[in-house]
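Participant: CSV, C-alpha atoms, saved as entry.csv, coming up:
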```csv
chain,number,residue,atom,x,y,z
A,1,MET,CA,-108.7,0.7,86.0
A,2,ALA,CA,-105.8,-1.1,84.3
A,3,ALA,CA,-103.1,-2.3,86.6
A,4,ASN,CA,-100.3,0.0,85.5
A,5,ASP,CA,-102.5,3.2,85.2
A,6,ILE,CA,-101.0,6.1,87.1
A,7,GLU,CA,-103.7,8.0,88.9
A,8,LEU,CA,-103.3,11.7,89.2
A,9,ARG,CA,-106.4,12.9,90.8
A,10,ARG,CA,-110.0,11.8,91.4
A,11,LEU,CA,-113.3,13.6,90.9
A,12,VAL,CA,-116.5,12.2,92.4
A,13,ILE,CA,-119.7,13.4,91.0
A,14,LYS,CA,-122.7,12.5,93.1
A,15,ALA,CA,-126.1,12.9,91.4
A,16,PHE,CA,-129.4,13.4,93.3
A,17,HIS,CA,-132.3,12.5,91.1
A,18,MET,CA,-135.5,14.6,91.3
A,19,THR,CA,-138.7,12.7,90.7
A,20,ASP,CA,-141.3,15.2,91.7
A,21,VAL,CA,-140.9,18.9,90.6
A,22,ARG,CA,-143.7,21.4,91.0
A,23,MET,CA,-144.6,24.9,92.0
A,24,GLY,CA,-144.8,25.3,95.8
A,25,ASP,CA,-144.3,27.6,98.8
A,26,GLU,CA,-140.5,27.8,98.6
A,27,ASN,CA,-137.5,27.1,96.5
A,28,LYS,CA,-136.5,23.8,97.9
A,29,ILE,CA,-135.0,20.4,97.1
A,30,THR,CA,-134.8,17.3,99.2
A,31,THR,CA,-132.7,14.2,99.1
A,32,ASP,CA,-135.8,12.1,98.5
A,33,GLY,CA,-136.2,13.7,95.1
A,34,LYS,CA,-138.7,16.5,95.7
A,35,MET,CA,-138.2,20.0,94.3
A,36,THR,CA,-140.5,22.9,94.7
A,37,ILE,CA,-140.3,26.3,92.9
A,38,ASN,CA,-141.6,29.5,94.2
A,39,ASN,CA,-141.7,32.7,92.2
A,40,ASP,CA,-141.8,35.2,95.1
A,41,CYS,CA,-138.1,35.8,94.8
A,42,LEU,CA,-138.3,36.9,91.2
A,43,ALA,CA,-139.4,40.5,91.8
A,44,ALA,CA,-136.3,41.4,93.8
A,45,LEU,CA,-134.1,39.6,91.2
A,46,THR,CA,-135.7,41.5,88.3
A,47,GLU,CA,-135.3,44.7,90.2
A,48,LYS,CA,-131.5,44.0,90.6
A,49,TYR,CA,-131.1,43.5,86.9
A,50,SER,CA,-133.7,46.1,85.8
A,51,SER,CA,-131.4,48.0,83.6
A,52,VAL,CA,-131.6,45.2,81.0
A,53,ILE,CA,-134.4,42.9,82.1
A,54,GLU,CA,-138.1,43.8,82.2
A,55,LYS,CA,-139.5,40.6,83.7
A,56,VAL,CA,-138.9,37.0,84.5
A,57,ASP,CA,-141.3,34.1,84.8
A,58,VAL,CA,-140.3,30.6,86.0
A,59,GLU,CA,-142.4,27.6,85.3
A,60,VAL,CA,-142.1,23.9,85.6
A,61,ILE,CA,-142.6,21.8,82.5
A,62,ASP,CA,-143.6,18.2,83.3
A,63,PRO,CA,-142.0,15.3,81.3
A,64,GLY,CA,-143.8,15.0,77.9
A,65,ASP,CA,-145.8,18.2,78.4
A,66,HIS,CA,-144.0,19.9,75.6
A,67,ASP,CA,-146.9,21.0,73.3
A,68,ARG,CA,-146.5,24.6,74.3
A,69,HIS,CA,-144.9,27.8,73.0
A,70,THR,CA,-141.3,28.6,74.0
A,71,ASN,CA,-139.2,31.6,73.3
A,72,THR,CA,-135.8,31.0,71.9
A,73,ILE,CA,-133.8,28.5,74.1
A,74,MET,CA,-130.6,30.1,75.3
A,75,ASP,CA,-129.1,27.2,77.1
A,76,ILE,CA,-129.8,24.0,79.1
A,77,ILE,CA,-128.0,24.1,82.5
A,78,PRO,CA,-127.5,21.5,85.1
A,79,ILE,CA,-127.7,22.6,88.7
A,80,SER,CA,-124.3,21.5,90.3
A,81,VAL,CA,-122.2,22.7,93.2
A,82,LYS,CA,-118.7,22.1,94.3
A,83,VAL,CA,-118.7,20.4,97.7
A,84,LEU,CA,-115.0,19.6,98.3
A,85,GLY,CA,-111.8,20.5,96.4
A,86,LYS,CA,-111.0,22.5,93.4
A,87,CYS,CA,-112.4,22.2,89.8
A,88,GLY,CA,-111.6,18.7,88.5
A,89,GLU,CA,-111.0,17.0,91.8
A,90,GLY,CA,-112.8,16.3,95.1
A,91,ILE,CA,-116.6,16.1,95.2
A,92,THR,CA,-119.3,17.7,93.1
A,93,HIS,CA,-123.0,17.3,93.7
A,94,THR,CA,-125.4,17.6,90.8
A,95,ILE,CA,-129.2,17.3,90.3
A,96,THR,CA,-130.5,15.0,87.7
A,97,GLY,CA,-134.1,14.6,86.4
A,98,VAL,CA,-134.5,18.4,86.0
A,99,TYR,CA,-132.6,21.0,84.1
A,100,VAL,CA,-132.8,24.8,83.8
A,101,MET,CA,-133.8,26.2,80.4
A,102,PRO,CA,-133.4,30.0,80.1
A,103,THR,CA,-135.3,31.5,77.2
A,104,GLY,CA,-135.2,35.1,76.0
A,105,VAL,CA,-137.3,37.6,74.2
A,106,ASP,CA,-137.5,41.4,74.4
A,107,THR,CA,-140.4,43.7,75.1
A,108,GLU,CA,-140.9,44.2,71.4
A,109,GLY,CA,-141.2,40.4,70.8
A,110,ILE,CA,-137.7,40.1,69.3
A,111,GLN,CA,-136.2,36.8,70.2
A,112,ALA,CA,-132.8,36.8,72.0
A,113,HIS,CA,-130.8,35.0,69.3
A,114,GLU,CA,-127.9,35.6,67.0
A,115,PHE,CA,-128.0,33.0,64.3
A,116,GLY,CA,-131.3,31.2,64.2
A,117,SER,CA,-134.0,31.3,66.8
A,118,SER,CA,-135.5,28.2,68.5
A,119,ASP,CA,-138.7,29.8,69.4
A,120,GLY,CA,-141.9,27.9,68.5
A,121,ASN,CA,-143.6,24.8,69.8
A,122,LEU,CA,-141.3,23.3,72.4
A,123,LYS,CA,-142.0,19.7,71.2
A,124,ASP,CA,-140.7,20.7,67.8
A,125,MET,CA,-137.8,22.9,68.8
A,126,LEU,CA,-136.0,20.8,71.5
A,127,TYR,CA,-134.5,17.5,70.5
A,128,LEU,CA,-134.6,15.3,73.6
A,129,ASN,CA,-132.2,12.6,74.9
A,130,ARG,CA,-129.0,14.2,73.6
A,131,ALA,CA,-126.0,14.7,76.0
A,132,GLY,CA,-126.9,18.4,76.0
A,133,THR,CA,-130.7,18.2,76.3
A,134,PRO,CA,-133.2,16.7,78.8
A,135,ALA,CA,-134.3,13.1,78.5
A,136,ASP,CA,-138.0,12.0,77.9
A,137,ASP,CA,-138.7,11.7,81.6
A,138,ASP,CA,-136.9,14.8,82.8
A,139,TYR,CA,-138.6,17.9,84.1
A,140,ILE,CA,-137.6,21.3,82.6
A,141,ILE,CA,-137.5,24.5,84.5
A,142,SER,CA,-138.3,27.2,81.9
A,143,PHE,CA,-136.7,30.4,83.0
A,144,ASN,CA,-138.4,32.9,80.7
A,145,ILE,CA,-136.6,36.2,80.5
A,146,THR,CA,-138.1,39.3,78.9
A,147,PHE,CA,-135.4,41.8,78.1
A,148,LYS,CA,-135.8,45.5,77.8
A,149,LYS,CA,-136.3,46.7,74.3
A,150,GLY,CA,-133.3,45.8,72.1
A,151,MET,CA,-131.4,44.2,75.0
A,152,GLY,CA,-131.7,40.6,73.8
A,153,GLN,CA,-128.9,41.3,71.3
A,154,GLU,CA,-126.5,43.1,73.7
A,155,ARG,CA,-123.6,41.1,75.1
A,156,TYR,CA,-123.7,42.8,78.5
A,157,ALA,CA,-127.4,42.1,78.8
A,158,ILE,CA,-127.0,38.4,77.9
A,159,ILE,CA,-124.2,38.1,80.5
A,160,ASP,CA,-126.5,39.8,83.1
A,161,ALA,CA,-129.3,37.4,82.2
A,162,TYR,CA,-127.0,34.4,82.9
A,163,LYS,CA,-125.8,35.9,86.1
A,164,MET,CA,-129.5,36.3,87.1
A,165,VAL,CA,-130.2,32.6,86.3
A,166,GLU,CA,-127.2,31.6,88.4
A,167,GLU,CA,-128.3,33.8,91.3
A,168,TRP,CA,-131.6,32.0,91.2
A,169,MET,CA,-129.9,28.6,91.0
A,170,ASN,CA,-127.7,29.4,94.0
A,171,THR,CA,-130.7,28.9,96.4
A,172,PHE,CA,-130.7,25.3,95.3
A,173,ARG,CA,-127.0,25.0,95.2
A,174,ALA,CA,-126.7,26.0,98.8
A,175,GLN,CA,-129.1,23.2,99.8
A,176,LEU,CA,-127.5,20.7,97.4
A,177,LYS,CA,-124.1,21.3,98.9
A,178,LYS,CA,-125.3,20.1,102.3
A,179,PHE,CA,-126.9,17.0,101.0
A,180,GLU,CA,-125.8,13.8,102.7
A,181,GLY,CA,-123.4,12.2,100.1
A,182,THR,CA,-124.4,8.7,100.9
A,183,LYS,CA,-128.0,9.4,99.8
A,184,CYS,CA,-127.1,10.1,96.2
A,185,THR,CA,-128.9,8.2,93.5
A,186,GLU,CA,-125.8,7.9,91.3
A,187,ARG,CA,-122.1,8.1,92.1
A,188,HIS,CA,-119.4,8.5,89.4
A,189,GLU,CA,-115.7,8.4,89.9
A,190,TYR,CA,-113.5,10.0,87.3
A,191,TYR,CA,-109.7,10.0,87.2
A,192,ASP,CA,-107.1,12.1,85.5
A,193,LYS,CA,-104.7,9.4,84.8
A,194,ILE,CA,-101.7,8.4,82.7
A,195,ARG,CA,-102.0,5.1,80.8
A,196,PRO,CA,-98.4,4.1,80.1
A,197,GLY,CA,-97.9,2.4,76.8
A,198,GLN,CA,-101.3,3.5,75.4
A,199,LYS,CA,-101.8,5.9,72.5
A,200,LYS,CA,-101.5,9.5,73.7
A,201,VAL,CA,-104.5,11.4,72.4
A,202,LEU,CA,-105.1,15.2,72.7
A,203,VAL,CA,-108.5,16.7,72.2
A,204,ILE,CA,-108.8,20.2,70.8
A,205,LYS,CA,-112.1,22.0,71.0
A,206,GLU,CA,-112.8,25.1,69.1
A,207,MET,CA,-115.5,27.1,70.8
A,208,ILE,CA,-117.4,30.2,69.7
A,209,ALA,CA,-116.1,33.5,70.9
A,210,HIS,CA,-117.6,36.2,68.7
A,211,GLY,CA,-119.8,38.2,71.1
A,212,ALA,CA,-123.4,38.3,72.3
A,213,MET,CA,-125.1,34.9,72.1
A,214,LEU,CA,-121.9,33.5,70.5
A,215,ASP,CA,-119.7,33.3,73.6
A,216,THR,CA,-118.1,30.7,75.8
A,217,TRP,CA,-116.9,31.1,79.4
A,218,ILE,CA,-114.3,29.1,81.2
A,219,PHE,CA,-113.5,28.3,84.9
A,220,PRO,CA,-116.5,29.6,86.7
A,221,ASP,CA,-116.5,29.3,90.5
A,222,GLN,CA,-119.3,26.7,90.4
A,223,PRO,CA,-119.8,23.9,87.8
A,224,SER,CA,-121.6,25.3,84.7
A,225,GLY,CA,-121.8,28.7,86.4
A,226,VAL,CA,-120.9,32.2,85.5
A,227,GLU,CA,-119.5,34.1,88.5
A,228,GLY,CA,-115.7,33.9,88.6
A,229,GLY,CA,-115.6,32.7,85.0
A,230,LYS,CA,-114.1,34.5,82.1
A,231,SER,CA,-115.0,34.7,78.4
A,232,LEU,CA,-112.6,33.1,75.9
A,233,ILE,CA,-112.9,36.5,74.2
A,234,ASP,CA,-111.2,38.1,77.2
A,235,TYR,CA,-108.4,35.5,76.9
A,236,GLY,CA,-107.8,36.6,73.3
A,237,CYS,CA,-109.2,33.2,72.2
A,238,THR,CA,-105.7,31.8,73.0
A,239,PRO,CA,-105.7,28.0,73.6
A,240,ILE,CA,-106.1,26.9,77.2
A,241,MET,CA,-105.3,23.4,78.5
A,242,LEU,CA,-107.8,21.6,80.7
A,243,THR,CA,-107.4,18.2,82.3
A,244,PRO,CA,-110.2,15.8,81.4
A,245,ASN,CA,-111.5,16.1,85.0
A,246,GLU,CA,-111.7,19.8,84.8
A,247,PHE,CA,-113.8,19.5,81.7
A,248,ARG,CA,-116.0,16.9,83.4
A,249,ASP,CA,-116.5,19.2,86.3
A,250,GLY,CA,-118.3,22.0,84.5
A,251,ALA,CA,-115.4,24.2,83.7
A,252,ILE,CA,-117.1,25.4,80.5
A,253,LYS,CA,-120.2,27.5,80.4
A,254,ALA,CA,-122.0,28.0,77.1
A,255,MET,CA,-123.1,31.6,76.9
A,256,ASN,CA,-125.1,31.0,73.7
B,257,MET,CA,-121.9,33.6,60.6
B,258,GLY,CA,-121.3,30.5,62.5
B,259,VAL,CA,-123.4,28.5,64.9
B,260,GLY,CA,-127.2,28.0,65.1
B,261,PRO,CA,-129.4,26.3,67.7
B,262,SER,CA,-129.2,22.8,66.3
B,263,THR,CA,-125.4,22.6,66.5
B,264,LYS,CA,-124.6,24.8,69.5
B,265,GLU,CA,-123.4,22.8,72.5
B,266,THR,CA,-125.3,23.6,75.7
B,267,SER,CA,-123.7,23.8,79.2
B,268,LEU,CA,-125.2,20.4,79.9
B,269,HIS,CA,-123.5,19.0,76.7
B,270,HIS,CA,-120.1,20.2,78.0
B,271,PHE,CA,-120.9,18.7,81.5
B,272,ARG,CA,-121.7,15.3,80.0
B,273,ASP,CA,-119.5,15.6,76.9
B,274,PRO,CA,-119.6,12.2,74.9
B,275,LEU,CA,-116.2,12.9,73.5
B,276,ILE,CA,-114.5,13.1,76.9
B,277,LYS,CA,-116.6,10.2,78.2
B,278,VAL,CA,-115.8,7.8,75.3
B,279,LEU,CA,-112.1,8.6,75.3
B,280,GLY,CA,-111.8,8.4,79.1
B,281,GLU,CA,-113.4,4.9,79.0
B,282,ASP,CA,-111.1,3.6,76.2
B,283,GLU,CA,-108.3,1.6,77.8
B,284,GLY,CA,-106.3,1.8,74.6
B,285,ILE,CA,-106.1,5.6,74.9
B,286,ASP,CA,-104.1,7.8,77.2
B,287,LEU,CA,-106.2,10.9,77.2
B,288,MET,CA,-103.8,13.8,77.6
B,289,GLY,CA,-106.2,16.6,78.1
B,290,VAL,CA,-108.6,19.1,76.4
B,291,LEU,CA,-107.2,22.1,74.7
B,292,VAL,CA,-109.8,24.8,74.3
B,293,TYR,CA,-109.5,27.8,72.1
B,294,GLY,CA,-112.0,30.5,71.2
B,295,SER,CA,-113.1,31.1,67.6
B,296,PRO,CA,-112.8,34.9,67.1
B,297,GLU,CA,-114.4,37.0,64.4
B,298,GLY,CA,-111.3,38.3,62.5
B,299,ASN,CA,-109.4,36.1,60.1
B,300,VAL,CA,-105.9,37.1,61.3
B,301,GLU,CA,-106.9,36.1,64.9
B,302,LYS,CA,-108.5,32.9,63.6
B,303,ILE,CA,-105.3,31.8,61.9
B,304,ARG,CA,-103.2,32.8,64.9
B,305,CYS,CA,-105.3,31.0,67.6
B,306,SER,CA,-105.8,27.8,65.6
B,307,ARG,CA,-102.1,27.6,64.6
B,308,THR,CA,-101.1,28.1,68.3
B,309,ALA,CA,-103.3,25.2,69.2
B,310,ALA,CA,-101.5,23.0,66.6
B,311,VAL,CA,-98.1,24.2,68.0
B,312,ILE,CA,-99.1,23.3,71.5
B,313,ALA,CA,-100.1,19.9,70.1
B,314,GLU,CA,-96.8,19.4,68.4
B,315,CYS,CA,-94.9,20.3,71.6
B,316,ALA,CA,-97.0,17.9,73.7
B,317,ARG,CA,-96.0,15.0,71.4
B,318,PRO,CA,-99.3,13.2,71.1
B,319,ASP,CA,-99.7,10.1,69.0
B,320,GLY,CA,-102.9,11.6,67.7
B,321,VAL,CA,-105.3,14.5,67.9
B,322,ILE,CA,-109.0,14.9,67.7
B,323,VAL,CA,-110.2,18.4,66.7
B,324,GLU,CA,-113.9,19.2,67.4
B,325,THR,CA,-116.1,22.3,67.0
B,326,ASP,CA,-119.9,23.0,67.2
B,327,GLY,CA,-119.5,25.8,64.8
B,328,TRP,CA,-119.5,26.1,61.0
B,329,GLY,CA,-119.5,28.8,58.3
B,330,ASN,CA,-116.8,31.2,59.3
B,331,LEU,CA,-115.7,28.9,62.2
B,332,ASP,CA,-114.5,26.5,59.5
B,333,VAL,CA,-111.6,28.9,58.7
B,334,ASP,CA,-109.9,28.3,62.1
B,335,TYR,CA,-111.1,24.7,62.3
B,336,VAL,CA,-109.7,23.7,59.0
B,337,ASN,CA,-106.5,25.6,59.6
B,338,CYS,CA,-106.0,23.8,62.9
B,339,VAL,CA,-106.6,20.4,61.3
B,340,ASN,CA,-104.3,21.4,58.5
B,341,GLU,CA,-101.5,22.6,60.7
B,342,ILE,CA,-101.6,19.4,62.7
B,343,GLY,CA,-101.6,17.3,59.6
B,344,GLU,CA,-98.6,19.2,58.2
B,345,ARG,CA,-96.7,18.5,61.4
B,346,GLY,CA,-97.1,14.8,60.7
B,347,ILE,CA,-99.4,14.1,63.6
B,348,PRO,CA,-102.4,11.7,62.9
B,349,VAL,CA,-105.6,13.8,63.1
B,350,ALA,CA,-109.3,13.1,63.2
B,351,GLY,CA,-112.2,15.3,63.9
B,352,LEU,CA,-115.9,16.0,64.6
B,353,ASN,CA,-117.7,18.7,62.7
B,354,TRP,CA,-121.2,19.6,61.5
B,355,SER,CA,-121.5,19.8,57.7
B,356,GLY,CA,-124.8,18.3,56.5
B,357,THR,CA,-125.7,20.0,53.2
B,358,ALA,CA,-125.8,23.6,54.4
B,359,GLY,CA,-122.6,23.6,56.4
B,360,THR,CA,-120.0,22.0,54.1
B,361,PHE,CA,-116.5,23.2,54.6
B,362,VAL,CA,-115.9,26.7,53.2
B,363,VAL,CA,-112.2,26.1,53.0
B,364,GLU,CA,-110.1,23.1,52.1
B,365,SER,CA,-107.3,20.9,53.4
B,366,PRO,CA,-105.9,17.5,52.4
B,367,TYR,CA,-106.2,16.4,56.1
B,368,LEU,CA,-110.0,16.6,56.4
B,369,GLY,CA,-110.5,12.9,55.4
B,370,ASN,CA,-110.9,11.7,59.0
B,371,VAL,CA,-113.4,14.4,60.0
B,372,VAL,CA,-116.7,12.9,61.0
B,373,ASP,CA,-119.8,14.9,59.9
B,374,PHE,CA,-122.2,14.6,62.9
B,375,ASN,CA,-125.2,15.9,61.0
B,376,LYS,CA,-128.5,14.4,62.1
B,377,ASN,CA,-131.0,16.5,60.3
B,378,PRO,CA,-132.6,14.5,57.4
B,379,GLU,CA,-132.1,17.5,55.0
B,380,GLY,CA,-128.7,18.4,56.3
B,381,ILE,CA,-129.7,21.8,57.4
B,382,GLU,CA,-129.6,24.1,60.4
B,383,SER,CA,-133.0,23.3,61.7
B,384,ASN,CA,-133.0,25.6,64.7
B,385,ILE,CA,-134.0,22.5,66.8
B,386,VAL,CA,-131.9,22.7,70.0
B,387,GLY,CA,-129.6,19.6,70.2
B,388,GLU,CA,-130.6,18.0,66.9
B,389,ASN,CA,-127.2,18.3,65.3
B,390,ASN,CA,-125.1,17.6,68.3
B,391,TYR,CA,-122.6,14.7,68.2
B,392,THR,CA,-123.4,11.5,70.1
B,393,GLU,CA,-121.3,8.7,71.5
B,394,ASP,CA,-121.7,6.9,68.1
B,395,ASP,CA,-120.2,9.8,66.3
B,396,VAL,CA,-117.3,9.8,68.7
B,397,ARG,CA,-116.7,6.1,68.3
B,398,GLU,CA,-116.5,6.5,64.5
B,399,CYS,CA,-114.0,9.4,65.0
B,400,VAL,CA,-111.9,7.4,67.4
B,401,LYS,CA,-111.9,4.4,65.0
B,402,ARG,CA,-110.6,6.7,62.2
B,403,LEU,CA,-107.9,8.2,64.5
B,404,LYS,CA,-106.8,4.7,65.6
B,405,ILE,CA,-106.4,3.6,62.0
B,406,ALA,CA,-104.4,6.8,61.2
B,407,MET,CA,-102.1,6.2,64.2
B,408,LEU,CA,-101.6,2.6,63.2
B,409,LYS,CA,-100.8,3.6,59.6
B,410,LYS,CA,-98.2,6.0,60.8
B,411,GLU,CA,-96.7,3.4,63.2
B,412,ARG,CA,-96.4,0.9,60.3
B,413,GLY,CA,-95.2,3.5,57.8
B,414,ILE,CA,-98.3,3.0,55.6
B,415,LYS,CA,-99.3,6.1,53.5
```
Now that the file is in, can you turn its structure into structure tokens?
Facilitator:
Amino acid sequence: MAANDIELRRLVIKAFHMTDVRMGDENKITTDGKMTINNDCLAALTEKYSSVIEKVDVEVIDPGDHDRHTNTIMDIIPISVKVLGKCGEGITHTITGVYVMPTGVDTEGIQAHEFGSSDGNLKDMLYLNRAGTPADDDYIISFNITFKKGMGQERYAIIDAYKMVEEWMNTFRAQLKKFEGTKCTERHEYYDKIRPGQKKVLVIKEMIAHGAMLDTWIFPDQPSGVEGGKSLIDYGCTPIMLTPNEFRDGAIKAMN
Amino acid sequence: MGVGPSTKETSLHHFRDPLIKVLGEDEGIDLMGVLVYGSPEGNVEKIRCSRTAAVIAECARPDGVIVETDGWGNLDVDYVNCVNEIGERGIPVAGLNWSGTAGTFVVESPYLGNVVDFNKNPEGIESNIVGENNYTEDDVRECVKRLKIAMLKKERGIK
């Protein structure tokens, strides 16, 4: 940091890297990088959202094992949790090395997409190593959602689907929150700060707010989450100001 | 309609946004904040929301503004209006937008010269490949370079 920078607040993001992800007896993550997934919880979860969702299947995709069919990819979500402080300050824990990929189709085989479907062979339909996509050596948790007939195009059903994904993620968040901070694999410090004398630059981001699959939510309770958040549509699409640290702390959830 | 799989930004993209990263690390820039607005369907609302964003920018007195969107097609209406309103207010402006060959601007403005097209698809199309046409740190650096030149020109009174 330059000598005359004025620090406003600090956000520390601690990453815990997963090196071994596989199906197992329980939904569990450990600080030494092991993650197991168990599908026993899915029946109850499906029942809860049964008005719009027919079934869910969760599978682990190993790094490079992408020569397989995928339904349309709805989002790529990091598993993160707020440990201390409000959005944009304090401490956030996040998992690296594995990301959640919800996919959607309905019982009639219609893909849950609005403008172009990414269903097909995963190796052809997912461009790796972007900021918003997994890297070559990352695991992917494919969260395959089968909607009831016609529900893959309904806004309330899509929102329910993302709520369901979040509920599933919460099991891991609860564990991640209690992780010993010193055992993190990466530690990033971010500051909201004033740099006197430097060029003042404002960023404006226009985000989709049309409806089902073309939606963006802001200020969820947990980073990149849904609960507690609100659609930009409900804000009348009016501009909302965020500090850089709020943005870095998962204040925006794509509801594509 | 607007955004397809190859341009849509995922939640992970927002969490690790290269634009915020690069600007935050640039010691020659005082990053004021991120102004987010939704792109609605109706044209009247599109103009109102994007103009309001430009008004907020004017009131905040920035030296420069970067306008970005992952949308195209009808989302150009509000995007271009926002860039245009900022330009007309005499504020240096640069941007990031996907155009390629399939998504070139559907509306015009004299202030689009510093907008970087972050197309990556060889044919310039919406390929439906998730993440393919997302902007990277290199795109952001090009955009920041253009904004810095625009800000310098204004400072020195060069047209």
Participant: Quick one: pull the distance between atom CA of Pro223 of chain A and atom CA of Thr133 of chain A, Å, one decimal.
Facilitator: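 According to the coordinates, atom CA of Pro223 of chain A and atom CA of Thr133 of chain A are separated by 16.8 Å.
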Participant: Pull the neighbourhood of (-128.7, 20.6, 64.3) for me: all residues within 12 Å in file coordinates, counting all atoms listed in the file, as number ranges by chain.
Facilitator: A: 116, 118, 125-127, 130; B: 259-265, 326-328, 353-359, 373-391
Participant: Kindly indicate which residue among B:Ile405, B:Ile347, B:Leu368, B:Val290 lies nearest to chain A, using all atoms listed in the file for the distances.
Facilitator: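 Of the candidates, the smallest distance to chain A is held by B:Val290.
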Participant: Residues of segment 271-312 of chain B that approach segment 213-218 of chain A to 10 Å or less, counting only C-alpha atoms: could you list each one with the shortest pair of atoms and its distance in Å to one decimal, rows by chain and increasing residue number, as JSON lines?
Facilitator:
```
{"residue": "B:Val292", "atom": "CA", "partner": "A:Ile218", "partner_atom": "CA", "distance": 9.3}
{"residue": "B:Tyr293", "atom": "CA", "partner": "A:Thr216", "partner_atom": "CA", "distance": 9.8}
{"residue": "B:Gly294", "atom": "CA", "partner": "A:Thr216", "partner_atom": "CA", "distance": 7.6}
{"residue": "B:Ser295", "atom": "CA", "partner": "A:Asp215", "partner_atom": "CA", "distance": 9.2}
{"residue": "B:Pro296", "atom": "CA", "partner": "A:Asp215", "partner_atom": "CA", "distance": 9.6}
```
Participant: Keeping only C-alpha atoms, take the residues you just selected and write them out as a PDB file, in the frame of the given file.
Facilitator:
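Below is the file that was written, again39.pdb:
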```
ATOM      1  CA  VAL B 292    -109.800  24.800  74.300  1.00  0.00           C
ATOM      2  CA  TYR B 293    -109.500  27.800  72.100  1.00  0.00           C
ATOM      3  CA  GLY B 294    -112.000  30.500  71.200  1.00  0.00           C
ATOM      4  CA  SER B 295    -113.100  31.100  67.600  1.00  0.00           C
ATOM      5  CA  PRO B 296    -112.800  34.900  67.100  1.00  0.00           C
TER       6      PRO B 296
END
```
Participant: Check which residues of chain A sit at most 6 Å from chain B using all atoms listed in the file, and return one row each with the closest pair of atoms and their distance in Å to one decimal, ordered by chain and rising number, as CSV.
Facilitator:
```
residue,atom,partner,partner_atom,distance
A:Asp75,CA,B:Thr266,CA,5.4
A:Ile76,CA,B:Thr266,CA,5.7
A:Ile77,CA,B:Leu268,CA,5.3
A:Pro78,CA,B:Leu268,CA,5.8
A:Phe115,CA,B:Gly260,CA,5.1
A:Gly116,CA,B:Gly260,CA,5.3
A:Ser118,CA,B:Asn384,CA,5.2
A:Met125,CA,B:Ile385,CA,4.3
A:Leu126,CA,B:Val386,CA,4.8
A:Tyr127,CA,B:Glu388,CA,5.3
A:Ala131,CA,B:His269,CA,5.0
A:Gly132,CA,B:His269,CA,3.5
A:Arg195,CA,B:Asp286,CA,5.0
A:Gln198,CA,B:Ile285,CA,5.3
A:Lys199,CA,B:Ile285,CA,4.9
A:Lys200,CA,B:Asp286,CA,4.7
A:Val201,CA,B:Gly320,CA,5.0
A:Leu202,CA,B:Val321,CA,4.9
A:Val203,CA,B:Val290,CA,4.8
A:Ile204,CA,B:Leu291,CA,4.6
A:Lys205,CA,B:Val292,CA,4.9
A:Glu206,CA,B:Thr325,CA,4.8
A:Met207,CA,B:Gly294,CA,4.9
A:Ile208,CA,B:Ser295,CA,4.9
A:Ala209,CA,B:Ser295,CA,5.1
A:His210,CA,B:Pro296,CA,5.2
A:Leu232,CA,B:Gly294,CA,5.4
A:Cys237,CA,B:Gly294,CA,4.0
A:Thr238,CA,B:Cys305,CA,5.5
A:Pro239,CA,B:Tyr293,CA,4.1
A:Ile240,CA,B:Val292,CA,5.1
A:Met241,CA,B:Leu291,CA,4.4
A:Leu242,CA,B:Val290,CA,5.0
A:Thr243,CA,B:Gly289,CA,4.7
A:Pro244,CA,B:Gly289,CA,5.2
A:Arg248,CA,B:Phe271,CA,5.6
A:Gly250,CA,B:Phe271,CA,5.2
A:Lys253,CA,B:Ser267,CA,5.2
A:Ala254,CA,B:Ser267,CA,5.0
```
Participant: Would you work out the distance separating atom CA of Val60 of chain A from atom CA of Ile37 of chain A, expressed in Å to one decimal?
Facilitator: 7.9 Å
Participant: What separation in Å, quoted to one decimal, exists between atom CA of Gly90 of chain A and atom CA of Thr171 of chain A?
Facilitator: 21.9 Å
Participant: Go through A:Thr46, A:Thr36, A:Thr31, A:Thr146 and flag the residue nearest Pro102 of chain A, using only C-alpha atoms for the distances.
Facilitator: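 Residue with the minimum atom-to-atom distance to Pro102 of chain A: A:Thr146.
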Participant: Do a neighbour search on Thr107 of chain A at 7 Å with all atoms listed in the file, toss out local chain neighbours closer than 5 positions, and write the hits as an mmCIF file with C-alpha atoms, keeping the file's coordinate frame.
Facilitator:
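Saved file selection21.cif follows:
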```
data_model
loop_
_atom_site.group_PDB
_atom_site.id
_atom_site.type_symbol
_atom_site.label_atom_id
_atom_site.label_comp_id
_atom_site.auth_asym_id
_atom_site.auth_seq_id
_atom_site.Cartn_x
_atom_site.Cartn_y
_atom_site.Cartn_z
ATOM 1 C CA THR A 146 -138.100 39.300 78.900
ATOM 2 C CA PHE A 147 -135.400 41.800 78.100
ATOM 3 C CA LYS A 148 -135.800 45.500 77.800
ATOM 4 C CA LYS A 149 -136.300 46.700 74.300
#
```
Participant: Please identify all polymer residues within 9 Å of Asp62 of chain A, counting all atoms listed in the file, omitting same-chain residues fewer than 5 positions from it, and present them as a list in words.
Facilitator: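 Contacts, with the query itself left out: Val21, Arg22, Asp137, Asp138, Tyr139, Ile140 and Ile141 of chain A.
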Participant: Residues within 10 Å of (-109.6, 12.1, 91.7), file coordinates, counting all atoms listed in the file: what are they? Give the list as a ChimeraX atom specification.
Facilitator: /A:7-12,85,88-91,189-193,245
Participant: Using only C-alpha atoms, pick whichever of A:Ile110, A:Leu45, A:Cys87, A:Val58 has the shortest atom-to-atom distance to Asp221 of chain A.
Facilitator: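 Closest candidate: A:Cys87.
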